[in-house]
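Trainee: My file is structure28.cif. It has mmCIF, C-alpha atoms and all ligand atoms:
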```cif
data_model
loop_
_atom_site.label_atom_id
_atom_site.label_comp_id
_atom_site.auth_asym_id
_atom_site.auth_seq_id
_atom_site.Cartn_x
_atom_site.Cartn_y
_atom_site.Cartn_z
CA MET A 1 0.00 0.00 0.00
CA PRO A 2 1.48 3.40 -0.93
CA LEU A 3 2.22 5.82 1.91
CA GLN A 4 -0.53 8.26 2.71
CA ARG A 5 0.42 11.94 2.38
CA ASN A 6 -1.14 14.33 4.87
CA GLY A 7 -2.62 11.54 7.00
CA ILE A 8 -1.38 9.40 9.90
CA GLN A 9 -0.28 5.88 8.95
CA HIS A 10 -0.89 3.26 11.64
CA GLY A 11 2.16 1.02 12.20
CA ASP A 12 5.75 0.68 13.33
CA ALA A 13 7.93 3.56 12.18
CA LEU A 14 10.93 1.26 11.89
CA GLU A 15 9.11 -0.79 9.25
CA LEU A 16 7.13 1.98 7.53
CA ILE A 17 10.29 4.04 7.00
CA ASN A 18 11.34 1.51 4.31
CA GLN A 19 8.48 2.82 2.14
CA VAL A 20 9.78 6.40 2.19
CA ASP A 21 11.92 7.34 -0.83
CA ASP A 22 15.57 8.16 -0.16
CA GLU A 23 16.44 11.88 -0.21
CA SER A 24 12.76 12.91 -0.43
CA ILE A 25 12.21 14.61 2.95
CA ASP A 26 12.97 18.24 3.90
CA LEU A 27 12.52 17.96 7.66
CA ILE A 28 12.15 15.12 10.20
CA VAL A 29 10.60 15.84 13.61
CA CYS A 30 11.58 12.80 15.67
CA ASP A 31 9.77 12.85 19.02
CA GLY A 32 9.92 9.13 19.80
CA PRO A 33 10.89 7.05 22.85
CA TYR A 34 12.91 8.74 25.61
CA GLY A 35 13.52 5.46 27.46
CA VAL A 36 12.35 6.87 30.80
CA THR A 37 8.60 6.28 31.22
CA GLN A 38 6.54 3.20 32.07
CA ASN A 39 4.84 3.16 28.65
CA ASP A 40 5.39 -0.13 26.75
CA TRP A 41 6.74 1.73 23.72
CA ASP A 42 9.27 3.52 25.93
CA GLN A 43 10.95 0.34 27.28
CA ILE A 44 14.23 0.81 25.41
CA PRO A 45 17.23 -0.86 27.10
CA ASN A 46 19.84 1.38 25.42
CA ILE A 47 18.35 4.68 24.23
CA GLN A 48 21.61 5.92 22.70
CA GLN A 49 21.96 2.85 20.44
CA TYR A 50 18.26 3.15 19.58
CA ASN A 51 18.75 6.79 18.60
CA LEU A 52 21.87 5.98 16.57
CA ASN A 53 19.85 3.43 14.62
CA LEU A 54 17.11 6.05 14.01
CA ILE A 55 19.66 8.62 12.87
CA ARG A 56 21.28 6.10 10.48
CA ARG A 57 17.97 4.93 8.97
CA PHE A 58 16.14 8.26 8.87
CA SER A 59 19.05 10.36 7.59
CA SER A 60 19.05 8.51 4.26
CA LYS A 61 15.51 9.84 3.69
CA LEU A 62 16.60 13.48 4.05
CA LYS A 63 17.49 15.71 1.12
CA ASP A 64 20.92 17.30 1.22
CA GLY A 65 20.72 20.13 3.77
CA GLY A 66 17.55 18.67 5.33
CA ALA A 67 17.15 18.84 9.10
CA LEU A 68 16.36 16.23 11.75
CA TYR A 69 15.26 17.26 15.24
CA LEU A 70 15.65 14.46 17.80
CA PHE A 71 13.89 14.81 21.16
CA GLY A 72 15.14 13.15 24.34
CA LYS A 73 16.64 13.39 27.79
CA PRO A 74 20.05 15.09 28.33
CA ASN A 75 21.98 11.85 27.68
CA CYS A 76 20.06 10.87 24.53
CA VAL A 77 23.05 10.98 22.16
CA ASP A 78 25.92 10.46 24.64
CA PHE A 79 28.86 8.33 23.45
CA ILE A 80 27.43 7.46 20.03
CA ASP A 81 29.01 8.48 16.76
CA TYR A 82 26.33 10.07 14.57
CA ARG A 83 28.90 12.02 12.52
CA PRO A 84 28.93 9.65 9.50
CA TYR A 85 25.25 10.49 8.99
CA LEU A 86 24.45 13.99 10.24
CA LYS A 87 26.04 17.13 11.61
CA LEU A 88 24.90 18.27 15.07
CA LYS A 89 24.27 22.02 14.77
CA SER A 90 22.67 22.75 18.16
CA LYS A 91 21.62 20.96 21.30
CA ILE A 92 18.52 22.87 22.31
CA VAL A 93 17.43 22.85 25.93
CA TRP A 94 13.66 22.90 26.33
CA TYR A 95 13.25 24.17 29.88
CA ARG A 96 10.14 22.64 31.46
CA PRO A 97 10.43 23.11 35.20
CA SER A 98 6.97 22.13 36.38
CA ARG A 99 7.66 18.41 36.86
CA LEU A 100 6.13 17.00 40.02
CA ALA A 101 8.75 14.27 40.60
CA GLN A 102 11.62 15.65 42.68
CA GLY A 103 15.17 14.21 42.86
CA ARG A 104 16.31 12.84 46.24
CA ILE A 105 19.94 12.03 45.51
CA ASN A 106 20.58 14.41 42.60
CA TYR A 107 19.20 17.58 41.02
CA THR A 108 15.74 17.28 39.51
CA ASN A 109 15.95 17.19 35.73
CA ASN A 110 14.09 20.23 34.46
CA TYR A 111 14.72 20.07 30.72
CA ASP A 112 14.48 17.99 27.58
CA ILE A 113 17.05 18.07 24.80
CA ILE A 114 16.18 18.68 21.17
CA CYS A 115 19.17 17.82 18.97
CA TYR A 116 19.14 19.84 15.76
CA PHE A 117 20.98 17.86 13.06
CA VAL A 118 21.60 18.79 9.44
CA LYS A 119 22.54 16.54 6.52
CA GLY A 120 25.71 18.02 5.04
CA ASP A 121 27.36 21.25 6.10
CA ARG A 122 24.68 23.83 5.48
CA PRO A 123 20.94 23.71 6.15
CA ARG A 124 18.62 24.03 3.15
CA CYS A 125 16.84 26.71 5.15
CA TYR A 126 16.97 28.40 8.52
CA ASN A 127 14.18 30.96 8.50
CA LEU A 128 15.35 33.15 11.35
CA ASP A 129 12.91 35.96 10.59
CA ASP A 130 10.01 33.55 11.13
CA ILE A 131 11.08 32.56 14.64
CA ARG A 132 12.49 35.75 16.18
CA VAL A 133 11.54 36.43 19.80
CA SER A 134 11.34 39.78 21.58
CA GLN A 135 14.59 41.37 22.69
CA LEU A 136 13.85 41.23 26.44
CA VAL A 137 16.24 44.12 27.14
CA GLU A 138 15.00 47.58 28.06
CA LEU A 139 15.63 50.45 25.70
CA GLU A 140 18.03 52.17 28.14
CA HIS A 141 20.15 49.02 28.41
CA ARG A 142 20.14 48.60 24.65
CA LEU A 143 21.37 52.16 24.16
CA ARG A 144 24.18 51.67 26.73
CA CYS A 145 25.24 48.43 25.11
CA GLU A 146 25.44 49.92 21.66
CA ARG A 147 29.16 50.46 22.08
CA VAL A 148 30.83 47.42 23.58
CA PRO A 149 34.41 46.21 22.99
CA SER A 150 34.66 43.27 20.59
CA VAL A 151 35.72 39.98 22.19
CA LYS A 152 38.03 39.36 19.20
CA ASN A 153 40.18 42.51 19.21
CA GLY A 154 39.01 44.77 22.05
CA LYS A 155 38.01 47.50 19.58
CA PHE A 156 34.66 49.18 19.95
CA GLY A 157 32.03 48.25 17.42
CA LYS A 158 28.32 48.75 17.10
CA THR A 159 26.13 46.05 18.61
CA LYS A 160 23.23 45.66 16.22
CA PHE A 161 19.78 45.21 17.68
CA ASN A 162 17.21 43.92 15.25
CA ASP A 163 13.83 45.55 15.83
CA LYS A 164 12.09 42.43 14.55
CA GLY A 165 13.46 40.51 17.57
CA LYS A 166 16.35 38.17 18.28
CA ASN A 167 17.32 34.57 17.59
CA PRO A 168 15.52 32.34 20.14
CA GLY A 169 18.88 30.80 21.08
CA ASP A 170 19.38 27.27 22.30
CA VAL A 171 17.59 27.51 25.65
CA TRP A 172 13.85 27.59 25.11
CA GLY A 173 12.19 28.67 28.31
CA ASP A 174 9.45 30.69 26.67
CA ILE A 175 7.33 27.70 25.60
CA LYS A 176 5.48 26.10 28.47
CA GLN A 177 4.56 22.41 28.63
CA LEU A 178 0.86 21.62 28.48
CA THR A 179 -1.30 21.38 31.61
CA TYR A 180 -4.75 19.92 32.21
CA LYS A 181 -6.12 23.39 31.54
CA SER A 182 -4.46 23.81 28.12
CA LYS A 183 -7.07 24.25 25.40
CA GLU A 184 -5.01 22.31 22.87
CA LEU A 185 -4.77 19.14 25.05
CA VAL A 186 -6.62 16.43 23.08
CA SER A 187 -7.12 14.04 26.03
CA ARG A 188 -6.09 13.98 29.70
CA GLU A 189 -4.33 10.62 29.18
CA VAL A 190 -1.74 12.11 26.86
CA LEU A 191 -0.49 14.89 29.13
CA ASN A 192 3.28 14.94 29.87
CA THR A 193 4.57 11.82 28.15
CA ILE A 194 2.84 12.31 24.81
CA GLN A 195 1.46 15.61 23.59
CA LYS A 196 3.88 18.47 22.89
CA PRO A 197 2.82 22.14 22.72
CA GLU A 198 2.06 23.34 19.21
CA LYS A 199 4.27 26.40 19.75
CA LEU A 200 7.31 24.14 20.26
CA ILE A 201 6.76 22.21 17.03
CA GLU A 202 5.80 25.41 15.18
CA ARG A 203 9.21 26.95 15.89
CA ILE A 204 10.94 23.91 14.42
CA VAL A 205 8.69 23.66 11.35
CA LEU A 206 8.92 27.40 10.65
CA ALA A 207 12.72 27.49 11.01
CA SER A 208 13.60 24.38 9.06
CA SER A 209 11.04 24.08 6.28
CA ASN A 210 9.27 26.22 3.72
CA PRO A 211 5.63 26.15 2.57
CA GLY A 212 5.07 23.13 0.30
CA ASP A 213 7.99 21.16 1.83
CA LEU A 214 7.61 17.56 2.96
CA VAL A 215 7.92 16.87 6.71
CA LEU A 216 8.25 13.38 8.23
CA ASP A 217 6.91 12.70 11.74
CA PRO A 218 7.70 9.03 12.50
CA PHE A 219 6.26 9.11 16.07
CA ALA A 220 3.16 11.24 15.58
CA GLY A 221 1.38 10.62 18.91
CA VAL A 222 -1.85 12.63 18.85
CA GLY A 223 -0.79 14.57 15.77
CA THR A 224 0.81 17.81 16.98
CA CYS A 225 3.33 18.01 14.15
CA PRO A 226 0.77 17.04 11.46
CA ALA A 227 -1.66 19.70 12.81
CA VAL A 228 1.10 22.32 12.76
CA CYS A 229 2.10 21.30 9.20
CA GLN A 230 -1.53 21.56 8.06
CA ASN A 231 -1.76 25.05 9.54
CA LEU A 232 1.55 26.20 8.05
CA GLY A 233 1.04 24.77 4.55
CA ARG A 234 3.60 21.97 4.73
CA ASP A 235 2.91 18.41 3.47
CA PHE A 236 3.60 15.57 5.87
CA ILE A 237 4.05 11.82 6.22
CA ALA A 238 3.32 10.57 9.75
CA PHE A 239 3.45 7.20 11.55
CA GLU A 240 1.99 6.12 14.89
CA ILE A 241 1.91 2.65 16.47
CA ASN A 242 -1.04 3.23 18.84
CA PRO A 243 -4.38 3.03 16.92
CA ASP A 244 -6.19 5.15 19.56
CA TYR A 245 -3.70 7.97 19.02
CA VAL A 246 -4.10 7.62 15.25
CA ASP A 247 -7.86 8.19 15.69
CA LEU A 248 -7.30 11.17 18.03
CA ALA A 249 -4.82 12.66 15.56
CA HIS A 250 -7.21 12.28 12.63
CA GLU A 251 -10.03 13.91 14.62
CA ARG A 252 -7.63 16.75 15.43
CA LEU A 253 -6.68 17.18 11.77
CA ASN A 254 -10.36 17.32 10.84
CA ARG A 255 -10.90 20.07 13.43
CA VAL A 256 -7.94 22.05 12.05
CA GLY A 257 -9.27 21.59 8.50
CA GLN A 258 -12.76 22.76 9.45
CA LYS A 259 -11.42 25.80 11.30
CA ARG A 260 -9.35 26.77 8.28
CA LEU A 261 -12.40 26.32 6.05
CA ILE A 262 -14.51 28.59 8.28
CA LEU A 263 -11.74 31.20 8.38
CA GLY A 264 -11.34 30.87 4.61
CA ILE A 265 -7.57 30.15 4.81
C1 LIG A 301 6.62 11.35 22.71
S1 LIG A 301 5.27 10.68 21.89
C2 LIG A 301 5.08 11.79 20.50
C3 LIG A 301 4.09 12.86 20.77
C4 LIG A 301 3.77 13.79 19.65
N1 LIG A 301 4.89 14.63 19.34
C5 LIG A 301 2.56 14.65 20.00
O1 LIG A 301 2.72 15.83 20.29
O2 LIG A 301 1.46 14.10 20.04
C6 LIG A 301 5.94 9.26 21.12
C7 LIG A 301 4.92 8.46 20.32
O3 LIG A 301 5.62 7.47 19.57
C8 LIG A 301 4.80 6.33 19.45
N2 LIG A 301 5.70 5.21 19.11
C9 LIG A 301 6.62 4.62 19.91
N3 LIG A 301 7.29 3.69 19.22
C10 LIG A 301 6.83 3.71 17.95
C11 LIG A 301 7.16 3.01 16.75
N4 LIG A 301 8.11 2.08 16.73
N5 LIG A 301 6.50 3.31 15.62
C12 LIG A 301 5.52 4.27 15.61
N6 LIG A 301 5.16 4.95 16.72
C13 LIG A 301 5.81 4.69 17.87
C14 LIG A 301 4.11 6.22 20.80
O4 LIG A 301 2.90 5.50 20.74
C15 LIG A 301 3.88 7.70 21.15
O5 LIG A 301 2.61 8.12 20.75
#
```
Could you take the file, read its structure, and then write that structure out as C-alpha cells?
Ligand SMILES: C[S@@+](CC[C@H](N)C(=O)[O-])C[C@H]1O[C@@H](n2cnc3c(N)ncnc32)[C@H](O)[C@@H]1O

Mentor:
Amino acid sequence: MPLQRNGIQHGDALELINQVDDESIDLIVCDGPYGVTQNDWDQIPNIQQYNLNLIRRFSSKLKDGGALYLFGKPNCVDFIDYRPYLKLKSKIVWYRPSRLAQGRINYTNNYDIICYFVKGDRPRCYNLDDIRVSQLVELEHRLRCERVPSVKNGKFGKTKFNDKGKNPGDVWGDIKQLTYKSKELVSREVLNTIQKPEKLIERIVLASSNPGDLVLDPFAGVGTCPAVCQNLGRDFIAFEINPDYVDLAHERLNRVGQKRLILGI
C-alpha cells in the first residue's frame, strides 16, 4: 500500500520508514521514545543505540541540507558516533520546570534536549525571521550596550539590535509544557509523556522548512506536528503505532481543516 500523504499511517515507524523514498524529505521531527517512562513503547534498554539506529535509517531519507530534530533526555546521544550520517548544529534545551517528581539524591531534571541535526554542512533553510523572539532588554540598556568592545580585538564596534526581535537561542524557556487546563490538550491521558505544545513544534517547522515542503513525523502521537504542518502549509508523512492515538490525531486534523475552512484560509 502506498504511503498516505497528509494523513497518519498506523504502524511501526521502523518498518514503515522503508516505504519512504531516499532523499525525499525536507525535515524530520523525531519525538519518539525517551527510554524513561513506564509506557510499553518507551521500554528501550539502550536509548543511545536506539537513537543511533534512528539517525542512520532516517538520515538517508533526508534531502541534502535537510534537518532532523531528535527529542530526548540530556543523555540521549551520549557516546554514540552520529557524525557519519548527520552534523549536530545545536543541542537545544527545552526548559520545562513544572515536573512533580523531585530528585532525592541528585538535582531534579528540568529540561528535555532537542538535537538539531543537518545533513551536510549547510541547512537548506533556517528561517530566522520567522522565529524571532522579543529582545527582552530595556531600551536604556540597549542604548548603553550599543558600544561594547569586541571579544576578538578589544576594539569598539556597534552592537546591532534587530527591531524584529532576536534569535531564540538554544535555551527555550518561553514555551510552556501543556497542563490539564491547556485548550489544545486532546485528552487527559496524553499529558506529559505524549502531547507536545504546538508552539514548540511550530518553531521547528517554521525554522527548518518552507511552505510546500515535505515533513516526516515518524512518532506522531496525537498529531501535533501534522496539525502544525496543516496550519503552516507543509505536506507531511506521519506514523503512529497506537491506533487510539491515530484516531485522536485524525479527529484533530479534521478540526484544524474545518477551522481553516470557516476562516477561509
Ligand atoms: C513522545 S510521543 C510523541 C508525541 C507527539 N509529538 C505529540 O505531540 O502528540 C511518542 C509516540 O511514539 C509512538 N511510538 C513509539 N514507538 C513507535 C514506533 N516504533 N512506531 C511508531 N510509533 C511509535 C508512541 O505510541 C507515542 O505516541

Trainee: At a cut-off of 12 Å, using only C-alpha atoms, what residues contact Asp244 of chain A? Leave out same-chain residues fewer than 3 positions from it and give the result as a count of residues only.

Mentor: 18

Trainee: Tell me, in Å to one decimal, how far atom CA of Val133 of chain A is from atom CA of Asn167 of chain A.

Mentor: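 Straight-line distance from atom CA of Val133 of chain A to atom CA of Asn167 of chain A works out to 6.5 Å.
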
Trainee: Residues of chain A that approach ligand LIG 301 (chain A) to 7 Å or less, counting all atoms listed in the file: could you list each one with the shortest pair of atoms and its distance in Å to one decimal, rows by chain and increasing residue number, as CSV?

Mentor:
```
residue,atom,partner,partner_atom,distance
A:Gly11,CA,A:LIG301,C12,5.8
A:Asp12,CA,A:LIG301,N5,3.6
A:Ala13,CA,A:LIG301,N5,3.7
A:Leu14,CA,A:LIG301,N4,5.7
A:Asp31,CA,A:LIG301,C2,5.0
A:Gly32,CA,A:LIG301,C6,4.2
A:Pro33,CA,A:LIG301,C6,5.7
A:Trp41,CA,A:LIG301,C9,4.8
A:Asp42,CA,A:LIG301,C9,6.7
A:Thr193,CA,A:LIG301,C1,5.8
A:Ile194,CA,A:LIG301,S1,4.1
A:Gln195,CA,A:LIG301,O1,3.5
A:Lys196,CA,A:LIG301,O1,3.9
A:Pro197,CA,A:LIG301,O1,6.8
A:Pro218,CA,A:LIG301,C12,6.1
A:Phe219,CA,A:LIG301,O3,3.9
A:Ala220,CA,A:LIG301,C4,4.8
A:Gly221,CA,A:LIG301,O5,3.3
A:Val222,CA,A:LIG301,O2,3.8
A:Gly223,CA,A:LIG301,O2,4.8
A:Thr224,CA,A:LIG301,O1,4.3
A:Cys225,CA,A:LIG301,N1,6.4
A:Phe239,CA,A:LIG301,C12,5.4
A:Glu240,CA,A:LIG301,N6,3.8
A:Ile241,CA,A:LIG301,N6,4.0
A:Asn242,CA,A:LIG301,O4,4.9
A:Tyr245,CA,A:LIG301,O5,6.5
```

Trainee: Got a sec to check which residues sit within 8 Å of (0.3, 14.4, 2.5), counting all atoms listed in the file, and write them as a PyMOL selection string?

Mentor: chain A and resi 4-7+214+235-237

Trainee: State, in Å with one decimal place, the distance from atom CA of Gln177 of chain A to atom CA of Ile201 of chain A.

Mentor: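 Going from atom CA of Gln177 of chain A over to atom CA of Ile201 of chain A covers 11.8 Å.
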
Trainee: Pick from A:Arg57, A:Lys73, A:Lys87, A:Lys176: nearest to Ile113 of chain A, with all atoms listed in the file counted?

Mentor: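 Among A:Arg57, A:Lys73, A:Lys87, A:Lys176, it is A:Lys73 that comes nearest to Ile113 of chain A.
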
Trainee: What separation in Å, quoted to one decimal, exists between atom CA of Ala227 of chain A and atom CA of Leu253 of chain A?

Mentor: 5.7 Å

Trainee: Kindly indicate which residue among A:Leu27, A:Ile55, A:Leu263, A:Leu216 lies nearest to Gln9 of chain A, using only C-alpha atoms for the distances.

Mentor: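 Ranked by minimum distance to Gln9 of chain A, first place goes to A:Leu216.
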
Trainee: Find the residues near segment 204-213 of chain A: any atom within 7 Å, counting all atoms listed in the file, skip ones fewer than 5 places away on the same chain, and give them as a PyMOL selection string.

Mentor: chain A and resi 26-27+67+125-128+130-131+232-235

Trainee: Quick one: write out the picked residues with C-alpha atoms as an mmCIF file, in the coordinates of the input?

Mentor:
```cif
data_model
loop_
_atom_site.group_PDB
_atom_site.id
_atom_site.type_symbol
_atom_site.label_atom_id
_atom_site.label_comp_id
_atom_site.auth_asym_id
_atom_site.auth_seq_id
_atom_site.Cartn_x
_atom_site.Cartn_y
_atom_site.Cartn_z
ATOM 1 C CA ASP A 26 12.970 18.240 3.900
ATOM 2 C CA LEU A 27 12.520 17.960 7.660
ATOM 3 C CA ALA A 67 17.150 18.840 9.100
ATOM 4 C CA CYS A 125 16.840 26.710 5.150
ATOM 5 C CA TYR A 126 16.970 28.400 8.520
ATOM 6 C CA ASN A 127 14.180 30.960 8.500
ATOM 7 C CA LEU A 128 15.350 33.150 11.350
ATOM 8 C CA ASP A 130 10.010 33.550 11.130
ATOM 9 C CA ILE A 131 11.080 32.560 14.640
ATOM 10 C CA LEU A 232 1.550 26.200 8.050
ATOM 11 C CA GLY A 233 1.040 24.770 4.550
ATOM 12 C CA ARG A 234 3.600 21.970 4.730
ATOM 13 C CA ASP A 235 2.910 18.410 3.470
#
```

Trainee: Adding 3 Å on each side of the box along x, y and z that holds all listed atoms of segment 233-242 of chain A, could you give its centre and edge lengths in Å to one decimal, as lines of an AutoDock Vina configuration file?

Mentor:
```
center_x = 1.5
center_y = 13.7
center_z = 11.2
size_x = 11.1
size_y = 28.1
size_z = 21.4
```

Trainee: Calculated over only C-alpha atoms, which of the candidates A:Pro149, A:Gly66, A:Gly103, A:Gly72 has the smallest distance to Arg124 of chain A?

Mentor: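 Among A:Pro149, A:Gly66, A:Gly103, A:Gly72, it is A:Gly66 that comes nearest to Arg124 of chain A.
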
Trainee: Looking at A:Gly264, A:Gly154, A:Pro243, A:Gly120, which one is nearest to Gly65 of chain A, with distances taken over all atoms listed in the file?

Mentor: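 Closest to Gly65 of chain A of all the choices is A:Gly120.
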
Trainee: Which of these, A:Gln102, A:Gln49, A:Ser90, A:Ser60, has the shortest distance to Cys76 of chain A once you count only C-alpha atoms?

Mentor: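 The shortest atom-to-atom distance to Cys76 of chain A comes from A:Gln49.
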
Trainee: So which one's closest to His141 of chain A, A:Arg255, A:Thr108, A:Phe161, A:Val228? Using all atoms listed in the file, please.

Mentor: A:Phe161

Trainee: Near Val77 of chain A, counting all atoms listed in the file, which residues have an atom at most 9 Å away, once you skip same-chain residues fewer than 2 positions from it, shown as a list in words?

Mentor: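 Near neighbours after the sequence-gap exclusion: Ile47, Gln48, Gln49, Asn51, Leu52, Gly72, Lys73, Pro74, Asn75, Phe79, Ile80, Asp81, Tyr82 and Cys115 of chain A.
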
Trainee: Can you spit out the residues from that selection as a tab-separated table (two decimals), in the frame of the given file, using C-alpha atoms?

Mentor:
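Written file, out_4.tsv:
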```
chain	number	residue	atom	x	y	z
A	47	ILE	CA	18.35	4.68	24.23
A	48	GLN	CA	21.61	5.92	22.70
A	49	GLN	CA	21.96	2.85	20.44
A	51	ASN	CA	18.75	6.79	18.60
A	52	LEU	CA	21.87	5.98	16.57
A	72	GLY	CA	15.14	13.15	24.34
A	73	LYS	CA	16.64	13.39	27.79
A	74	PRO	CA	20.05	15.09	28.33
A	75	ASN	CA	21.98	11.85	27.68
A	79	PHE	CA	28.86	8.33	23.45
A	80	ILE	CA	27.43	7.46	20.03
A	81	ASP	CA	29.01	8.48	16.76
A	82	TYR	CA	26.33	10.07	14.57
A	115	CYS	CA	19.17	17.82	18.97
```
